[in-house]
Amino acid sequence: MFTIDELQAKLAGGATAVSLAEESLAKIESTKNLNAYISVLNERALEKAAESDKRRAEGKTLGALDGIPVAVKDNMCIEGTRTTAASKILENFVAPYTATAIEKLEAAGAVIVGKTNMDEFAMGSSNETSYFGKVVNPLDETRVPGGSSGGSAVAVASGTVACALGSDTGGSIRQPAACTGVVGLKPTYGRVSRYGLLAYASSLDQIGPFGATVKDTATLLGAICGIDPHDNTTSTRPTEDFTAKLNAGVKGKVIGVPKEYFGEGLDAECKAAIEGMLKKLEAEGATLKEISLPHISYAVSSYYIIATAEASSNLSRYDGVRYGYRSKEARKLFDLYAKSRSEGFGKEVQRRILLGSYVLSAGFYDAYYVQAQKVRRLITDDFNKAFESCDVIASPTMPGLPLKCGMNESDPMAVYLSDIYTVSLNLSGLPGVSVPCGMAGGLPVGLQWIGKPFMEADLLSVAAATERLNK
Ligand code: GLN
């Protein structure tokens with residue numbers, strides 16, 4: 001792995017952005033076995049890199065990201081390039097416009113080298129549901145890299161790029177970050193525009209950064225956030241320099257430790273790694289405070305009701321008529337819908353659409369969907385209450401080691417349950433970052449820091465302290 005600073009030092013030493021892009025593209029080629037990329041944008045990347053070199057030659061360099069190769073998850077549109085969401089239904093879809101987050105990245109001079117592999121339509125925690133095949137965890141090939149942004153995490157972990165973008169609906173940035181030993185951040189809902197992100201569950205989806213370091217994650221977040229007239233849920237908050245507080249330390253900070261998070265269900269070695277880090281932070285001047293999140297045990301069930309309900313609605317646009325895959329077998333209109341969708345969507349996506357349509361159906365709407373929305377409010381209230389007495393909350397990112405390959409097929413329920421620590425942040429819109437913290441079973445453990453809305457700078461400051469103590 002390497003950092004933006006290291007690449008910037010190379011550029012300052014006379015390397016060109018074109019040579020950095022070429023190195024990145026060569027590394028993508030030599031690590032093809034990991035299957036982290038769906039599309040590699042060779043020509044486009046070299047063109048953008050040449051533009052960066054031109055700016056540098058003219059003394060008009062744009063900032064920290066100018067000339068830096070970056071990878072983006074394949075559910076974000078780039079005009080004129082294929083965007084598949086890892087689905088057969090969009091196998092040949094060419095985006096007619098560019099996602100705001102990507103437009104902003106390119107405006108900051110970043111060079112997008114490729115579109116990364118993912119669970120189909122971002123549905124999954126294992127990266128095994130992609131139409132283009134699973135992503136391999138470079139740290140242990142018998143275990144998954146986490147999902148659904150596993151391609152982006154592996155792109156960083158395997159040294160093809162210094163940083164990447166993913167999307168997080170219920171943990172899809174934080175979980176793969178934890179499984180591959182990198183840093184991954186889900187911003188506050190509304191921090192980053194969702195325009196041009198293929199929707200999974202719109203009230204939960206958020207784009208966010210991956211990096212080898214907390215600093216790179218902060219740099220990337222600074223580039224992509226801000227209000228967007230194309231997305232009315234974006235916040236009016238001004239963009240910040242998220243790297244400003246990275247050296248502030250934790251002295252005087254109150255860390256909330258939810259008692260529900262450190263009991264049953266958490267692997268003993270992971271627990272020891274996290275508790276060891278909390279002790280070190282205490283020695284640095286932080287105060288640990290036990291807190292309670294009484295409704296948290298309902299988070300996974302309410303998340304899967306709300307996420308699938310929204311997914312069933314969002315995915316109704318893939319009908320075989322307007323764009324995407326169309327079945328050649330259909331003779332009647334109904335068959336066109338049914339066949340295109342059942343041939344175009346994979347098994348997991350169909351399972352989600354069925355579940356979502358069921359919980360929204362007239363007879364069950366009150367019993368499931370309305371109830372889940374009520375629980376969502378209770379969980380948000382739990383966090384609001386907890387934050388009255390602490391500055392940040394510490395949590396595991398995953399309940400244990402990365403899952404063994406094949407579990408999505410054999411035991412999907414167990415895979416859903418592994419989202420226990422991450423989904424509640426999406427339900428309540430809070431920011432969270434997963435940062436490496438010790439080892440368990442020879443693999444890195446992820447510590448998740450949860451913050452108050454729009455307090456990413458504070459969150460990253462605590463994450464940076466964790467990173468320093470993890471050496
Ligand atoms: N594992 C969760 C799901 O499958 C979250 C996925 C995500 O964050 N995109 O819905």
# chains A, B, ... in the order shown; residues from 1 in each chain; ligands from 1

call {"tool": "residues_near_ligand", "arguments": {"ligand": "ligand 1", "cutoff": "6 Å", "atoms": "only C-alpha atoms and all ligand atoms", "output": "list in words"}}
result
Ala122, Met123, Gly124, Ser125, Ser148, Asp168, Thr169, Gly170, Gly171, Ser172 and Asp419 of chain A

call {"tool": "select_by_dssp", "arguments": {"residues": "stretch 171-202 of chain A", "states": "helix (DSSP H, G or I)", "output": "list in words"}}
result
Arg174, Gln175, Pro176, Ala177, Ala178, Cys179 and Thr180 of chain A

call {"tool": "write_last_selection", "arguments": {"atoms": "N, CA and C atoms", "output": "JSON list (two decimals), in the first residue's frame"}}
result
[["chain", "number", "residue", "atom", "x", "y", "z"],
["A", 174, "ARG", "N", -17.29, 0.45, 5.33],
["A", 174, "ARG", "CA", -16.59, 0.12, 6.58],
["A", 174, "ARG", "C", -16.22, -1.35, 6.66],
["A", 175, "GLN", "N", -17.12, -2.23, 6.23],
["A", 175, "GLN", "CA", -16.83, -3.67, 6.35],
["A", 175, "GLN", "C", -15.66, -4.13, 5.48],
["A", 176, "PRO", "N", -15.66, -3.80, 4.18],
["A", 176, "PRO", "CA", -14.49, -4.23, 3.39],
["A", 176, "PRO", "C", -13.20, -3.55, 3.85],
["A", 177, "ALA", "N", -13.30, -2.33, 4.38],
["A", 177, "ALA", "CA", -12.10, -1.68, 4.92],
["A", 177, "ALA", "C", -11.55, -2.55, 6.05],
["A", 178, "ALA", "N", -12.44, -2.99, 6.94],
["A", 178, "ALA", "CA", -12.02, -3.82, 8.08],
["A", 178, "ALA", "C", -11.42, -5.15, 7.60],
["A", 179, "CYS", "N", -12.05, -5.75, 6.60],
["A", 179, "CYS", "CA", -11.61, -7.08, 6.14],
["A", 179, "CYS", "C", -10.27, -7.05, 5.40],
["A", 180, "THR", "N", -9.86, -5.88, 4.92],
["A", 180, "THR", "CA", -8.63, -5.82, 4.11],
["A", 180, "THR", "C", -7.56, -4.94, 4.75]]

call {"tool": "closest_residue", "arguments": {"among": "A:Ala272, A:Ile305, A:Val156, A:Leu105", "to": "A:Tyr369", "atoms": "only C-alpha atoms"}}
result
A:Ile305

call {"tool": "atom_distance", "arguments": {"atom1": "atom CA of A:Gly363", "atom2": "atom CA of A:Thr308"}}
result
16.8 Å

call {"tool": "closest_residue", "arguments": {"among": "A:Glu467, A:Asp119, A:Glu43, A:Asp458", "to": "A:Leu25", "atoms": "only C-alpha atoms"}}
result
A:Glu43

call {"tool": "closest_residue", "arguments": {"among": "A:Val375, A:Ala199, A:Ile306, A:Ala95", "to": "A:Tyr358", "atoms": "only C-alpha atoms"}}
result
A:Ile306

call {"tool": "residues_around", "arguments": {"residues": "A:Lys245", "least_positions_apart": "4", "cutoff": "12 Å", "atoms": "only C-alpha atoms", "output": "list of chain:residue names"}}
result
A:Val214, A:Lys215, A:Ala218, A:Glu240, A:Asp241, A:Gly249, A:Val250, A:Met455, A:Glu456, A:Ala457, A:Asp458, A:Leu459, A:Leu460, A:Ser461, A:Val462, A:Ala463, A:Ala464, A:Ala465

call {"tool": "residues_around", "arguments": {"residues": "A:Glu290", "least_positions_apart": "6", "cutoff": "6 Å", "atoms": "only C-alpha atoms", "output": "compact mmCIF listing (two decimals) with N, CA and C atoms, in the first residue's frame"}}
result
# COMPACT_ATOMS: atom_id res chain seq x y z
N GLY A 256 -17.64 6.92 24.19
CA GLY A 256 -18.76 6.08 24.61
C GLY A 256 -18.51 4.64 24.20
N VAL A 257 -18.72 3.72 25.14
CA VAL A 257 -18.54 2.29 24.84
C VAL A 257 -19.88 1.60 25.09
N PRO A 258 -20.62 1.29 24.00
CA PRO A 258 -21.96 0.71 24.19
C PRO A 258 -21.87 -0.70 24.78

call {"tool": "closest_atom_pairs", "arguments": {"of": "stretch 222-297 of chain A", "to": "stretch 182-192 of chain A", "cutoff": "8 Å", "atoms": "only C-alpha atoms", "output": "JSON lines"}}
result
{"residue": "A:Ile224", "atom": "CA", "partner": "A:Val192", "partner_atom": "CA", "distance": 6.4}
{"residue": "A:Cys225", "atom": "CA", "partner": "A:Val192", "partner_atom": "CA", "distance": 4.4}
{"residue": "A:Gly226", "atom": "CA", "partner": "A:Val192", "partner_atom": "CA", "distance": 6.0}
{"residue": "A:Ile227", "atom": "CA", "partner": "A:Val192", "partner_atom": "CA", "distance": 7.5}
{"residue": "A:Thr233", "atom": "CA", "partner": "A:Gly190", "partner_atom": "CA", "distance": 5.4}
{"residue": "A:Thr234", "atom": "CA", "partner": "A:Gly190", "partner_atom": "CA", "distance": 4.1}
{"residue": "A:Ser235", "atom": "CA", "partner": "A:Gly190", "partner_atom": "CA", "distance": 5.1}
{"residue": "A:Arg237", "atom": "CA", "partner": "A:Arg191", "partner_atom": "CA", "distance": 8.0}

call {"tool": "write_last_selection", "arguments": {"atoms": "all heavy atoms", "output": "short mmCIF file (atom, residue, chain, number, x, y, z; two decimals), in the first residue's frame"}}
result
data_model
loop_
_atom_site.label_atom_id
_atom_site.label_comp_id
_atom_site.auth_asym_id
_atom_site.auth_seq_id
_atom_site.Cartn_x
_atom_site.Cartn_y
_atom_site.Cartn_z
N ILE A 224 -14.89 15.47 -2.27
CA ILE A 224 -16.16 15.03 -2.87
C ILE A 224 -17.40 15.60 -2.21
O ILE A 224 -18.50 15.48 -2.74
CB ILE A 224 -16.28 13.48 -2.88
CG1 ILE A 224 -16.23 12.92 -1.45
CG2 ILE A 224 -15.22 12.85 -3.76
CD1 ILE A 224 -16.51 11.43 -1.37
N CYS A 225 -17.29 16.23 -1.03
CA CYS A 225 -18.51 16.61 -0.31
C CYS A 225 -19.03 17.97 -0.75
O CYS A 225 -18.38 18.68 -1.51
CB CYS A 225 -18.28 16.56 1.19
SG CYS A 225 -17.13 17.77 1.76
N GLY A 226 -20.20 18.32 -0.29
CA GLY A 226 -20.76 19.64 -0.57
C GLY A 226 -22.14 19.59 -1.19
O GLY A 226 -22.59 18.56 -1.69
N ILE A 227 -22.80 20.74 -1.14
CA ILE A 227 -24.18 20.84 -1.65
C ILE A 227 -24.20 20.63 -3.17
O ILE A 227 -23.26 21.00 -3.86
CB ILE A 227 -24.80 22.20 -1.25
CG1 ILE A 227 -26.28 22.24 -1.62
CG2 ILE A 227 -24.05 23.38 -1.88
CD1 ILE A 227 -27.05 23.32 -0.92
N THR A 233 -31.08 16.17 -1.02
CA THR A 233 -30.75 15.73 0.34
C THR A 233 -29.33 16.15 0.73
O THR A 233 -28.89 15.86 1.84
CB THR A 233 -30.90 14.20 0.49
OG1 THR A 233 -29.97 13.54 -0.37
CG2 THR A 233 -32.29 13.73 0.18
N THR A 234 -28.60 16.82 -0.14
CA THR A 234 -27.26 17.26 0.28
C THR A 234 -27.38 18.44 1.24
O THR A 234 -28.27 19.27 1.12
CB THR A 234 -26.36 17.68 -0.92
OG1 THR A 234 -27.09 18.54 -1.77
CG2 THR A 234 -25.85 16.47 -1.67
N SER A 235 -26.44 18.49 2.16
CA SER A 235 -26.46 19.52 3.21
C SER A 235 -25.86 20.83 2.71
O SER A 235 -24.99 20.83 1.84
CB SER A 235 -25.64 19.00 4.39
OG SER A 235 -25.23 20.06 5.19
N ARG A 237 -24.05 22.63 4.57
CA ARG A 237 -22.80 22.87 5.31
C ARG A 237 -21.64 23.13 4.36
O ARG A 237 -21.49 22.44 3.36
CB ARG A 237 -22.42 21.61 6.09
CG ARG A 237 -23.43 21.28 7.09
CD ARG A 237 -22.78 21.07 8.41
NE ARG A 237 -23.81 20.98 9.41
CZ ARG A 237 -23.57 20.99 10.69
NH1 ARG A 237 -22.34 21.09 11.13
NH2 ARG A 237 -24.55 20.92 11.55
#

call {"tool": "closest_residue", "arguments": {"among": "A:Asp216, A:Asp205, A:Glu51, A:Glu91", "to": "A:Leu65", "atoms": "only C-alpha atoms"}}
result
A:Asp216

call {"tool": "residues_around", "arguments": {"residues": "A:Leu139", "least_positions_apart": "6", "cutoff": "10 Å", "atoms": "only C-alpha atoms", "output": "list in words"}}
result
Pro145, Val154, Ala157, Ser158, Cys179, Thr180, Gly181, Gly442, Leu443 and Pro444 of chain A

call {"tool": "write_last_selection", "arguments": {"atoms": "N, CA and C atoms", "output": "short mmCIF file (atom, residue, chain, number, x, y, z; two decimals), in the first residue's frame"}}
result
data_model
loop_
_atom_site.label_atom_id
_atom_site.label_comp_id
_atom_site.auth_asym_id
_atom_site.auth_seq_id
_atom_site.Cartn_x
_atom_site.Cartn_y
_atom_site.Cartn_z
N PRO A 145 -13.49 -10.49 0.95
CA PRO A 145 -12.89 -9.18 1.24
C PRO A 145 -13.89 -8.24 1.90
N VAL A 154 -10.02 -3.66 -1.98
CA VAL A 154 -8.90 -4.48 -2.47
C VAL A 154 -8.02 -3.66 -3.42
N ALA A 157 -5.85 -2.00 -0.92
CA ALA A 157 -5.04 -2.96 -0.16
C ALA A 157 -3.97 -3.64 -1.03
N SER A 158 -4.25 -3.81 -2.32
CA SER A 158 -3.29 -4.50 -3.18
C SER A 158 -2.36 -3.52 -3.89
N CYS A 179 -12.05 -5.75 6.60
CA CYS A 179 -11.61 -7.08 6.14
C CYS A 179 -10.27 -7.05 5.40
N THR A 180 -9.86 -5.88 4.92
CA THR A 180 -8.63 -5.82 4.11
C THR A 180 -7.56 -4.94 4.75
N GLY A 181 -7.83 -4.41 5.94
CA GLY A 181 -6.81 -3.63 6.65
C GLY A 181 -6.58 -2.24 6.11
N GLY A 442 -4.52 -13.71 12.68
CA GLY A 442 -3.58 -13.33 11.63
C GLY A 442 -4.12 -12.29 10.66
N LEU A 443 -5.33 -11.79 10.91
CA LEU A 443 -5.93 -10.81 10.00
C LEU A 443 -6.23 -9.51 10.76
N PRO A 444 -6.28 -8.38 10.02
CA PRO A 444 -6.52 -7.11 10.71
C PRO A 444 -7.94 -7.01 11.26
#

call {"tool": "residues_around", "arguments": {"residues": "A:Ala86", "least_positions_apart": "2", "cutoff": "8 Å", "atoms": "only C-alpha atoms", "output": "ChimeraX atom specification"}}
result
/A:38,74-75,84,88,90-91,117-121,130-132
